[in-house]
file final_17.csv (CSV, C-alpha atoms (C1' of nucleotides))
chain,number,residue,atom,x,y,z
M,20,MET,CA,60.2,1.6,-90.7
M,21,SER,CA,63.4,0.1,-89.4
M,22,ILE,CA,64.7,3.3,-88.0
M,23,SER,CA,63.1,4.1,-84.7
M,24,ALA,CA,61.4,7.3,-83.8
M,25,ASP,CA,63.8,8.1,-81.0
M,26,ILE,CA,66.7,8.0,-83.3
M,27,LEU,CA,65.0,10.2,-85.9
M,28,ARG,CA,64.0,12.6,-83.2
M,29,GLY,CA,66.0,15.8,-83.5
M,30,HIS,CA,66.5,15.2,-87.3
M,31,THR,CA,62.9,16.0,-88.2
M,32,ASP,CA,63.4,19.7,-88.6
M,33,THR,CA,66.6,19.2,-90.5
M,34,ILE,CA,65.0,16.7,-92.9
M,35,ILE,CA,62.2,19.1,-93.6
M,36,LEU,CA,64.6,22.0,-94.2
M,37,ALA,CA,66.6,19.9,-96.5
M,38,GLN,CA,63.5,19.0,-98.6
M,39,LEU,CA,62.5,22.6,-98.8
M,40,ALA,CA,66.0,23.7,-99.8
M,41,ALA,CA,65.3,22.0,-103.1
M,42,GLY,CA,62.1,24.0,-103.6
M,43,ASP,CA,58.8,24.8,-102.0
M,44,SER,CA,56.6,21.9,-101.1
M,45,TYR,CA,53.6,20.9,-99.0
M,46,GLY,CA,53.1,18.5,-96.1
M,47,TYR,CA,51.7,15.6,-97.9
M,48,GLU,CA,54.4,15.7,-100.6
M,49,ILE,CA,57.2,16.0,-98.1
M,50,GLY,CA,55.9,13.0,-96.2
M,51,LYS,CA,55.8,10.9,-99.3
M,52,ASN,CA,59.2,12.1,-100.5
M,53,VAL,CA,60.9,11.2,-97.2
M,54,SER,CA,59.4,7.7,-97.2
M,55,GLN,CA,60.5,7.2,-100.7
M,56,LEU,CA,64.0,8.7,-100.3
M,57,SER,CA,64.6,6.6,-97.2
M,58,GLY,CA,63.5,3.5,-99.1
M,59,GLY,CA,60.7,3.0,-96.6
M,60,ALA,CA,63.2,2.9,-93.7
M,61,CYS,CA,61.6,5.8,-92.1
M,62,GLY,CA,58.7,8.3,-92.5
M,63,PHE,CA,56.9,11.0,-90.7
M,64,LYS,CA,53.6,10.5,-89.0
M,65,GLU,CA,51.2,13.3,-90.0
M,66,ALA,CA,51.0,14.7,-86.5
M,67,THR,CA,54.8,14.9,-86.3
M,68,LEU,CA,55.0,16.6,-89.6
M,69,TYR,CA,52.5,19.3,-88.9
M,70,THR,CA,53.8,19.9,-85.4
M,71,ALA,CA,57.2,20.4,-87.0
M,72,PHE,CA,55.8,22.9,-89.5
M,73,ARG,CA,54.3,25.0,-86.8
M,74,ARG,CA,57.6,24.9,-84.8
M,75,LEU,CA,59.7,25.8,-87.8
M,76,GLU,CA,57.4,28.6,-88.9
M,77,GLN,CA,57.3,30.0,-85.4
M,78,ASN,CA,61.1,30.0,-85.3
M,79,GLY,CA,61.3,31.8,-88.7
M,80,MET,CA,62.9,28.9,-90.5
M,81,ILE,CA,60.1,28.5,-93.0
M,82,SER,CA,57.2,30.5,-94.3
M,83,SER,CA,53.9,29.3,-95.7
M,84,TYR,CA,51.2,30.2,-98.2
M,85,TRP,CA,48.2,28.6,-99.6
M,86,GLY,CA,48.5,27.2,-103.1
M,87,GLN,CA,46.3,28.3,-105.9
M,88,GLU,CA,45.2,25.0,-107.4
M,89,GLY,CA,42.0,24.9,-109.3
M,90,PRO,CA,39.3,23.0,-107.5
M,91,GLY,CA,40.5,20.2,-105.3
M,92,ALA,CA,42.1,19.6,-102.0
M,93,ARG,CA,43.9,22.8,-101.0
M,94,ARG,CA,47.6,22.7,-100.2
M,95,ARG,CA,49.6,24.8,-97.8
M,96,TYR,CA,53.1,25.3,-99.3
M,97,TYR,CA,56.2,25.9,-97.3
M,98,ALA,CA,59.3,27.8,-98.3
M,99,ILE,CA,62.6,27.9,-96.5
M,100,THR,CA,63.8,31.3,-95.3
M,101,PRO,CA,67.4,32.6,-95.2
M,102,ALA,CA,67.5,31.8,-91.5
M,103,GLY,CA,66.3,28.3,-92.4
M,104,ARG,CA,69.2,27.9,-94.8
M,105,ASP,CA,71.6,29.0,-92.2
M,106,GLN,CA,70.1,26.5,-89.8
M,107,LEU,CA,70.3,23.8,-92.4
M,108,GLU,CA,74.0,24.5,-92.9
M,109,ALA,CA,74.6,24.2,-89.2
M,110,ASP,CA,72.5,21.0,-88.9
M,111,ARG,CA,74.5,19.4,-91.7
M,112,ARG,CA,77.7,20.3,-89.9
M,113,GLU,CA,76.3,18.8,-86.7
M,114,TRP,CA,75.3,15.7,-88.5
M,115,SER,CA,78.8,15.3,-89.9
M,116,GLU,CA,80.2,15.5,-86.4
M,117,THR,CA,77.5,13.3,-85.0
M,118,LYS,CA,78.5,10.5,-87.4
M,119,ALA,CA,82.2,10.7,-86.3
M,120,VAL,CA,81.4,10.8,-82.6
M,121,LEU,CA,78.8,8.0,-82.6
M,122,ASP,CA,81.1,5.9,-84.7
M,123,ALA,CA,83.7,6.3,-82.0
M,124,LEU,CA,81.2,5.6,-79.3
M,125,ILE,CA,79.1,2.8,-80.8
M,126,VAL,CA,81.0,1.0,-83.4
M,127,LYS,CA,84.4,0.8,-81.8
M,128,GLU,CA,84.8,-1.4,-78.8
M,129,GLY,CA,85.7,0.3,-75.5
H,9,MET,CA,78.7,19.8,-76.1
H,10,SER,CA,78.2,20.5,-79.7
H,11,ILE,CA,75.8,17.6,-80.3
H,12,SER,CA,72.4,18.4,-79.1
H,13,ALA,CA,70.5,16.2,-76.7
H,14,ASP,CA,67.7,15.5,-79.1
H,15,ILE,CA,70.1,14.0,-81.5
H,16,LEU,CA,71.7,11.9,-78.9
H,17,ARG,CA,68.3,10.7,-77.7
H,18,GLY,CA,67.8,7.1,-78.7
H,19,HIS,CA,71.5,6.4,-78.7
H,20,THR,CA,72.0,6.6,-74.9
H,21,ASP,CA,71.3,3.0,-74.3
H,22,THR,CA,73.4,1.9,-77.2
H,23,ILE,CA,76.4,3.9,-76.1
H,24,ILE,CA,76.2,2.5,-72.6
H,25,LEU,CA,75.9,-1.0,-74.0
H,26,ALA,CA,78.9,-0.4,-76.2
H,27,GLN,CA,81.0,0.8,-73.2
H,28,LEU,CA,80.0,-2.2,-71.2
H,29,ALA,CA,80.8,-4.6,-74.0
H,30,ALA,CA,84.4,-3.7,-73.4
H,31,GLY,CA,84.2,-4.7,-69.8
H,32,ASP,CA,82.3,-4.0,-66.6
H,33,SER,CA,82.2,-0.4,-65.5
H,34,TYR,CA,80.3,2.0,-63.3
H,35,GLY,CA,78.3,5.2,-63.8
H,36,TYR,CA,80.9,7.8,-63.1
H,37,GLU,CA,83.5,6.1,-65.2
H,38,ILE,CA,81.2,5.6,-68.2
H,39,GLY,CA,80.2,9.2,-68.0
H,40,LYS,CA,83.9,10.3,-68.1
H,41,ASN,CA,84.7,7.9,-70.9
H,42,VAL,CA,81.9,9.1,-73.1
H,43,SER,CA,83.0,12.7,-72.7
H,44,GLN,CA,86.5,11.8,-73.4
H,45,LEU,CA,85.9,9.5,-76.4
H,46,SER,CA,83.6,12.1,-78.0
H,47,GLY,CA,86.3,14.7,-77.6
H,48,GLY,CA,83.9,16.8,-75.4
H,49,ALA,CA,81.3,16.9,-78.2
H,50,CYS,CA,78.8,15.2,-76.0
H,51,GLY,CA,78.3,13.7,-72.6
H,52,PHE,CA,75.7,12.3,-70.3
H,53,LYS,CA,74.1,14.3,-67.5
H,54,GLU,CA,74.0,12.2,-64.4
H,55,ALA,CA,70.3,12.0,-64.3
H,56,THR,CA,70.2,10.7,-67.8
H,57,LEU,CA,72.8,8.1,-67.1
H,58,TYR,CA,71.2,6.7,-64.0
H,59,THR,CA,67.8,6.7,-65.6
H,60,ALA,CA,69.3,4.7,-68.4
H,61,PHE,CA,70.9,2.2,-66.1
H,62,ARG,CA,67.5,1.5,-64.4
H,63,ARG,CA,65.8,1.1,-67.8
H,64,LEU,CA,68.5,-1.2,-69.2
H,65,GLU,CA,68.6,-3.3,-66.1
H,66,GLN,CA,64.8,-3.6,-66.0
H,67,ASN,CA,64.9,-4.7,-69.6
H,68,GLY,CA,67.5,-7.4,-68.9
H,69,MET,CA,70.2,-5.7,-71.0
H,70,ILE,CA,72.6,-5.2,-68.1
H,71,SER,CA,73.1,-6.5,-64.5
H,72,SER,CA,74.7,-4.7,-61.6
H,73,TYR,CA,76.6,-5.4,-58.4
H,74,TRP,CA,78.3,-3.4,-55.7
H,75,GLY,CA,82.1,-3.1,-56.0
H,76,GLN,CA,84.3,-4.3,-53.2
H,77,GLU,CA,86.6,-1.3,-52.9
H,78,GLY,CA,88.3,-0.7,-49.6
H,79,PRO,CA,87.0,2.4,-47.8
H,80,GLY,CA,85.9,5.1,-50.1
H,81,ALA,CA,83.0,6.0,-52.3
H,82,ARG,CA,81.2,2.9,-53.2
H,83,ARG,CA,80.6,2.0,-56.8
H,84,ARG,CA,77.8,0.1,-58.5
H,85,TYR,CA,79.3,-1.9,-61.4
H,86,TYR,CA,77.3,-2.8,-64.4
H,87,ALA,CA,77.8,-5.8,-66.8
H,88,ILE,CA,76.3,-6.4,-70.1
H,89,THR,CA,74.1,-9.5,-70.5
H,90,PRO,CA,73.8,-11.8,-73.5
H,91,ALA,CA,70.5,-10.1,-74.3
H,92,GLY,CA,72.4,-6.8,-74.1
H,93,ARG,CA,74.9,-8.0,-76.6
H,94,ASP,CA,72.2,-9.0,-79.0
H,95,GLN,CA,70.6,-5.6,-78.6
H,96,LEU,CA,74.0,-3.9,-79.2
H,97,GLU,CA,74.4,-5.9,-82.4
H,98,ALA,CA,71.0,-4.8,-83.6
H,99,ASP,CA,71.6,-1.2,-82.6
H,100,ARG,CA,74.9,-1.1,-84.5
H,101,ARG,CA,73.1,-2.4,-87.6
H,102,GLU,CA,70.4,0.2,-87.1
H,103,TRP,CA,73.1,2.9,-86.8
H,104,SER,CA,74.7,1.8,-90.0
H,105,GLU,CA,71.3,2.1,-91.8
H,106,THR,CA,70.6,5.4,-90.1
H,107,LYS,CA,73.8,6.9,-91.5
H,108,ALA,CA,72.9,5.9,-95.0
H,109,VAL,CA,69.3,7.1,-94.8
H,110,LEU,CA,70.1,10.4,-93.2
H,111,ASP,CA,72.9,11.1,-95.6
H,112,ALA,CA,70.3,10.6,-98.3
H,113,LEU,CA,67.8,12.8,-96.6
H,114,ILE,CA,69.9,15.6,-95.1
H,115,VAL,CA,73.1,15.9,-97.1
H,116,LYS,CA,71.8,15.5,-100.6
H,117,GLU,CA,69.6,18.2,-102.0
H,118,GLY,CA,66.1,17.4,-102.8
U,30,DC,C1',26.7,7.0,-103.9
U,31,DA,C1',30.2,4.5,-101.5
U,32,DC,C1',35.1,4.3,-101.2
U,33,DG,C1',39.8,5.4,-101.5
U,34,DA,C1',43.2,8.9,-102.4
U,35,DT,C1',44.6,13.5,-101.6
U,36,DA,C1',45.2,17.1,-98.2
U,37,DC,C1',44.8,19.5,-94.1
U,38,DC,C1',44.4,19.9,-88.7
U,39,DT,C1',44.1,19.3,-83.2
U,40,DT,C1',44.2,17.0,-78.7
U,41,DG,C1',46.1,14.4,-75.1
U,42,DA,C1',49.1,10.7,-73.6
U,43,DC,C1',53.7,9.0,-73.3
U,44,DA,C1',58.8,8.6,-72.9
U,45,DG,C1',63.4,10.3,-72.6
U,46,DG,C1',66.6,14.0,-71.2
U,47,DC,C1',67.9,16.8,-67.5
U,48,DG,C1',67.9,20.8,-63.9
U,49,DA,C1',67.9,20.9,-59.3
U,50,DG,C1',68.4,19.0,-55.3
U,51,DG,C1',70.1,15.4,-52.1
U,52,DT,C1',73.6,11.8,-49.7
U,53,DA,C1',78.3,10.1,-48.4
U,54,DT,C1',83.5,9.4,-48.5
U,55,DG,C1',88.4,10.6,-49.6
U,56,DT,C1',92.0,14.1,-50.7
U,57,DT,C1',94.2,18.4,-50.8
U,58,DG,C1',95.3,23.0,-49.4
U,59,DT,C1',95.8,26.6,-45.8
C,4,DA,C1',91.0,21.8,-37.9
C,5,DC,C1',88.4,23.0,-41.6
C,6,DA,C1',87.1,24.4,-46.2
C,7,DA,C1',86.9,23.0,-50.8
C,8,DC,C1',86.8,19.8,-54.3
C,9,DA,C1',86.7,15.3,-56.5
C,10,DT,C1',84.6,10.9,-56.4
C,11,DA,C1',80.3,8.4,-56.5
C,12,DC,C1',75.6,7.5,-55.9
C,13,DC,C1',70.4,8.7,-56.2
C,14,DT,C1',65.4,10.9,-57.0
C,15,DC,C1',61.7,14.2,-58.3
C,16,DG,C1',59.3,16.8,-61.5
C,17,DC,C1',59.4,19.7,-65.7
C,18,DC,C1',60.0,20.1,-70.7
C,19,DT,C1',59.8,18.7,-75.4
C,20,DG,C1',59.1,15.9,-79.5
C,21,DT,C1',56.5,11.9,-81.2
C,22,DC,C1',52.2,10.0,-82.4
C,23,DA,C1',47.6,7.4,-81.8
C,24,DA,C1',43.3,8.9,-82.4
C,25,DG,C1',40.1,11.6,-84.0
C,26,DG,C1',38.3,15.2,-87.2
C,27,DT,C1',37.4,18.1,-91.9
C,28,DA,C1',37.0,18.7,-97.0
C,29,DT,C1',37.6,17.7,-102.2
C,30,DC,C1',38.1,14.7,-106.1
C,31,DG,C1',38.1,10.5,-109.1
C,32,DT,C1',36.5,5.7,-109.8
C,33,DG,C1',33.3,1.9,-109.9

call {"tool": "encode", "arguments": {"input": "final_17.csv", "output": "structure tokens"}}
result
Amino acid sequence: MSISADILRGHTDTIILAQLAAGDSYGYEIGKNVSQLSGGACGFKEATLYTAFRRLEQNGMISSYWGQEGPGARRRYYAITPAGRDQLEADRREWSETKAVLDALIVKEG
Amino acid sequence: MSISADILRGHTDTIILAQLAAGDSYGYEIGKNVSQLSGGACGFKEATLYTAFRRLEQNGMISSYWGQEGPGARRRYYAITPAGRDQLEADRREWSETKAVLDALIVKEG
DNA sequence: CACGATACCTTGACAGGCGAGGTATGTTGT
DNA sequence: ACAACATACCTCGCCTGTCAAGGTATCGTG
């Protein structure tokens, strides 16, 4: 986990939306995927993840439903909403600008 | 201010260190520089800035001294310490990794 | 039947950003 | 002379997102 929580802060929702843009998924899986995709550089703590789901659902960015697996641990699936896709678009644009701005502020001297 | 505070969070100290790496400066000036360098995309609120100075000084990343201007508003100058430069190096490396990881998580689908 | 993996959830503490408020000096306009 | 604004500093307390710690339930394996 070489990327600190404070730096990830603010990207949590975006990362979740990006995962859901590829298809419905559930908490445990999203957590695993993020760890894997980041090469272990970062990952969500469970509390962080579920807090984010509540927030996103309350804001209408995602919706949820219980999966119909046979017997076994139940899963709550999440789906991105149209509003969520709009938000993701905006977040991606913001991320693009963030990179440019922080490169100017952090990487370059003075 | 198109870059949200939550995204900037965690970069505050790094940005200040990067500014001070180019030479001693004081709060008001650093604030102006950051706004300018970011093209108005982001900026520090005063409270944020001065909180960060306290934190950085307490952690030995910067030191401070009062400027000797003639009459006029007094300025407290800050200088980066060797430990601060080490931290800045580490932060820059982390930023580099952050860009790669978040590109993988946010920009690419699934 | 114990143990680990899967899978969900809540509570309370903590830390950083910042709105709101304050102080003091110098300059500029009327 | 006096108001208004820019410079320049500071603190208090709220808000929000993260997360350690704790909990629940099911399934497969030894």

call {"tool": "interface_residues", "arguments": {"input": "final_17.csv", "of": "chain C", "to": "chain H", "cutoff": "10 Å", "atoms": "all atoms listed in the file", "output": "ChimeraX atom specification"}}
result
/C:10-14,19-20

call {"tool": "closest_atom_pairs", "arguments": {"input": "final_17.csv", "of": "chain C", "to": "region 37-49 of chain U", "cutoff": "10 Å", "atoms": "all atoms listed in the file", "output": "CSV"}}
result
residue,atom,partner,partner_atom,distance
C:DC15,C1',U:DA49,C1',9.2
C:DG16,C1',U:DA49,C1',9.8
C:DC17,C1',U:DG48,C1',8.8
C:DC18,C1',U:DG46,C1',9.0
C:DT19,C1',U:DG46,C1',9.3
C:DG20,C1',U:DA44,C1',9.8
C:DT21,C1',U:DC43,C1',8.9
C:DC22,C1',U:DC43,C1',9.3
C:DA23,C1',U:DA42,C1',9.0
C:DA24,C1',U:DT40,C1',9.0
C:DG25,C1',U:DT40,C1',8.6
C:DG26,C1',U:DC38,C1',7.8
C:DT27,C1',U:DC37,C1',7.8
C:DA28,C1',U:DC37,C1',8.4

call {"tool": "atom_distance", "arguments": {"input": "final_17.csv", "atom1": "CA of Ala98 (chain H)", "atom2": "CA of Val126 (chain M)"}}
result
11.6 Å

call {"tool": "closest_atom_pairs", "arguments": {"input": "final_17.csv", "of": "chain M", "to": "chain H", "cutoff": "7 Å", "atoms": "all atoms listed in the file", "output": "tab-separated table"}}
result
residue	atom	partner	partner_atom	distance
M:Ile22	CA	H:Glu102	CA	6.6
M:Asp25	CA	H:Gly18	CA	4.7
M:Ile26	CA	H:Gly18	CA	4.8
M:Arg28	CA	H:Asp14	CA	6.2
M:Gly29	CA	H:Asp14	CA	4.7
M:His30	CA	H:Ile15	CA	6.9
M:Thr33	CA	H:Ile114	CA	6.7
M:Ile34	CA	H:Ile114	CA	5.5
M:Ala37	CA	H:Ile114	CA	5.6
M:Gln38	CA	H:Gly118	CA	5.2
M:Ala40	CA	H:Glu117	CA	6.9
M:Ala41	CA	H:Gly118	CA	4.7
M:Leu56	CA	H:Leu113	CA	6.7
M:Ser57	CA	H:Val109	CA	5.3
M:Arg111	CA	H:Val115	CA	6.6
M:Glu113	CA	H:Ile11	CA	6.5
M:Thr117	CA	H:Ile11	CA	6.6
M:Val120	CA	H:Ser46	CA	5.3
M:Ala123	CA	H:Leu45	CA	6.8
M:Leu124	CA	H:Ile23	CA	6.0
M:Ile125	CA	H:Ile23	CA	5.5
M:Val126	CA	H:Arg100	CA	6.5
M:Glu128	CA	H:Ala30	CA	5.9
M:Gly129	CA	H:Ala30	CA	4.7

call {"tool": "atom_distance", "arguments": {"input": "final_17.csv", "atom1": "CA of Lys64 (chain M)", "atom2": "C1' of DT35 (chain U)"}}
result
15.8 Å

call {"tool": "atom_distance", "arguments": {"input": "final_17.csv", "atom1": "CA of Phe63 (chain M)", "atom2": "CA of Ser44 (chain M)"}}
result
15.1 Å

call {"tool": "residues_around", "arguments": {"input": "final_17.csv", "residues": "DC8 (chain C)", "least_positions_apart": "5", "cutoff": "12 Å", "atoms": "only C-alpha atoms (C1' of nucleotides)", "output": "ChimeraX atom specification"}}
result
/U:55-58

call {"tool": "closest_residue", "arguments": {"input": "final_17.csv", "among": "M:Gln106, M:Tyr97, M:Glu88, M:Ala71", "to": "DT29 (chain C)", "atoms": "only C-alpha atoms (C1' of nucleotides)"}}
result
M:Glu88

call {"tool": "closest_residue", "arguments": {"input": "final_17.csv", "among": "U:DA31, U:DT59, U:DT54, U:DA36", "to": "chain H", "atoms": "only C-alpha atoms (C1' of nucleotides)"}}
result
U:DT54

call {"tool": "build_atoms", "arguments": {"input": "final_17.csv", "residues": "region 32-51 of chain H", "atoms": "N, CA and C atoms", "output": "mmCIF file, in the coordinates of the input"}}
result
data_model
loop_
_atom_site.group_PDB
_atom_site.id
_atom_site.type_symbol
_atom_site.label_atom_id
_atom_site.label_comp_id
_atom_site.auth_asym_id
_atom_site.auth_seq_id
_atom_site.Cartn_x
_atom_site.Cartn_y
_atom_site.Cartn_z
ATOM 1 N N ASP H 32 83.112 -4.588 -67.615
ATOM 2 C CA ASP H 32 82.300 -4.000 -66.600
ATOM 3 C C ASP H 32 82.752 -2.605 -66.219
ATOM 4 N N SER H 33 81.811 -1.759 -65.864
ATOM 5 C CA SER H 33 82.200 -0.400 -65.500
ATOM 6 C C SER H 33 81.085 0.165 -64.576
ATOM 7 N N TYR H 34 81.291 1.380 -64.127
ATOM 8 C CA TYR H 34 80.300 2.000 -63.300
ATOM 9 C C TYR H 34 79.979 3.412 -63.778
ATOM 10 N N GLY H 35 78.874 3.941 -63.261
ATOM 11 C CA GLY H 35 78.300 5.200 -63.800
ATOM 12 C C GLY H 35 79.293 6.315 -64.007
ATOM 13 N N TYR H 36 79.981 6.648 -62.982
ATOM 14 C CA TYR H 36 80.900 7.800 -63.100
ATOM 15 C C TYR H 36 81.936 7.601 -64.155
ATOM 16 N N GLU H 37 82.471 6.399 -64.231
ATOM 17 C CA GLU H 37 83.500 6.100 -65.200
ATOM 18 C C GLU H 37 82.966 6.163 -66.639
ATOM 19 N N ILE H 38 81.814 5.574 -66.836
ATOM 20 C CA ILE H 38 81.200 5.600 -68.200
ATOM 21 C C ILE H 38 80.955 7.015 -68.619
ATOM 22 N N GLY H 39 80.464 7.825 -67.692
ATOM 23 C CA GLY H 39 80.200 9.200 -68.000
ATOM 24 C C GLY H 39 81.514 9.918 -68.485
ATOM 25 N N LYS H 40 82.576 9.678 -67.741
ATOM 26 C CA LYS H 40 83.900 10.300 -68.100
ATOM 27 C C LYS H 40 84.352 9.783 -69.448
ATOM 28 N N ASN H 41 84.268 8.484 -69.637
ATOM 29 C CA ASN H 41 84.700 7.900 -70.900
ATOM 30 C C ASN H 41 84.027 8.446 -72.105
ATOM 31 N N VAL H 42 82.727 8.572 -71.971
ATOM 32 C CA VAL H 42 81.900 9.100 -73.100
ATOM 33 C C VAL H 42 82.346 10.497 -73.448
ATOM 34 N N SER H 43 82.515 11.322 -72.435
ATOM 35 C CA SER H 43 83.000 12.700 -72.700
ATOM 36 C C SER H 43 84.298 12.707 -73.393
ATOM 37 N N GLN H 44 85.184 11.847 -72.899
ATOM 38 C CA GLN H 44 86.500 11.800 -73.400
ATOM 39 C C GLN H 44 86.540 11.267 -74.880
ATOM 40 N N LEU H 45 85.862 10.140 -75.073
ATOM 41 C CA LEU H 45 85.900 9.500 -76.400
ATOM 42 C C LEU H 45 85.209 10.400 -77.452
ATOM 43 N N SER H 46 84.277 11.228 -77.013
ATOM 44 C CA SER H 46 83.600 12.100 -78.000
ATOM 45 C C SER H 46 84.382 13.402 -78.152
ATOM 46 N N GLY H 47 85.489 13.513 -77.464
ATOM 47 C CA GLY H 47 86.300 14.700 -77.600
ATOM 48 C C GLY H 47 85.534 15.935 -77.008
ATOM 49 N N GLY H 48 84.664 15.666 -76.033
ATOM 50 C CA GLY H 48 83.900 16.800 -75.400
ATOM 51 C C GLY H 48 82.695 17.175 -76.206
ATOM 52 N N ALA H 49 82.464 16.498 -77.319
ATOM 53 C CA ALA H 49 81.300 16.900 -78.200
ATOM 54 C C ALA H 49 79.995 16.504 -77.531
ATOM 55 N N CYS H 50 80.008 15.496 -76.710
ATOM 56 C CA CYS H 50 78.800 15.200 -76.000
ATOM 57 C C CYS H 50 79.110 14.445 -74.696
ATOM 58 N N GLY H 51 78.116 14.355 -73.861
ATOM 59 C CA GLY H 51 78.300 13.700 -72.600
ATOM 60 C C GLY H 51 76.969 13.494 -71.920
#
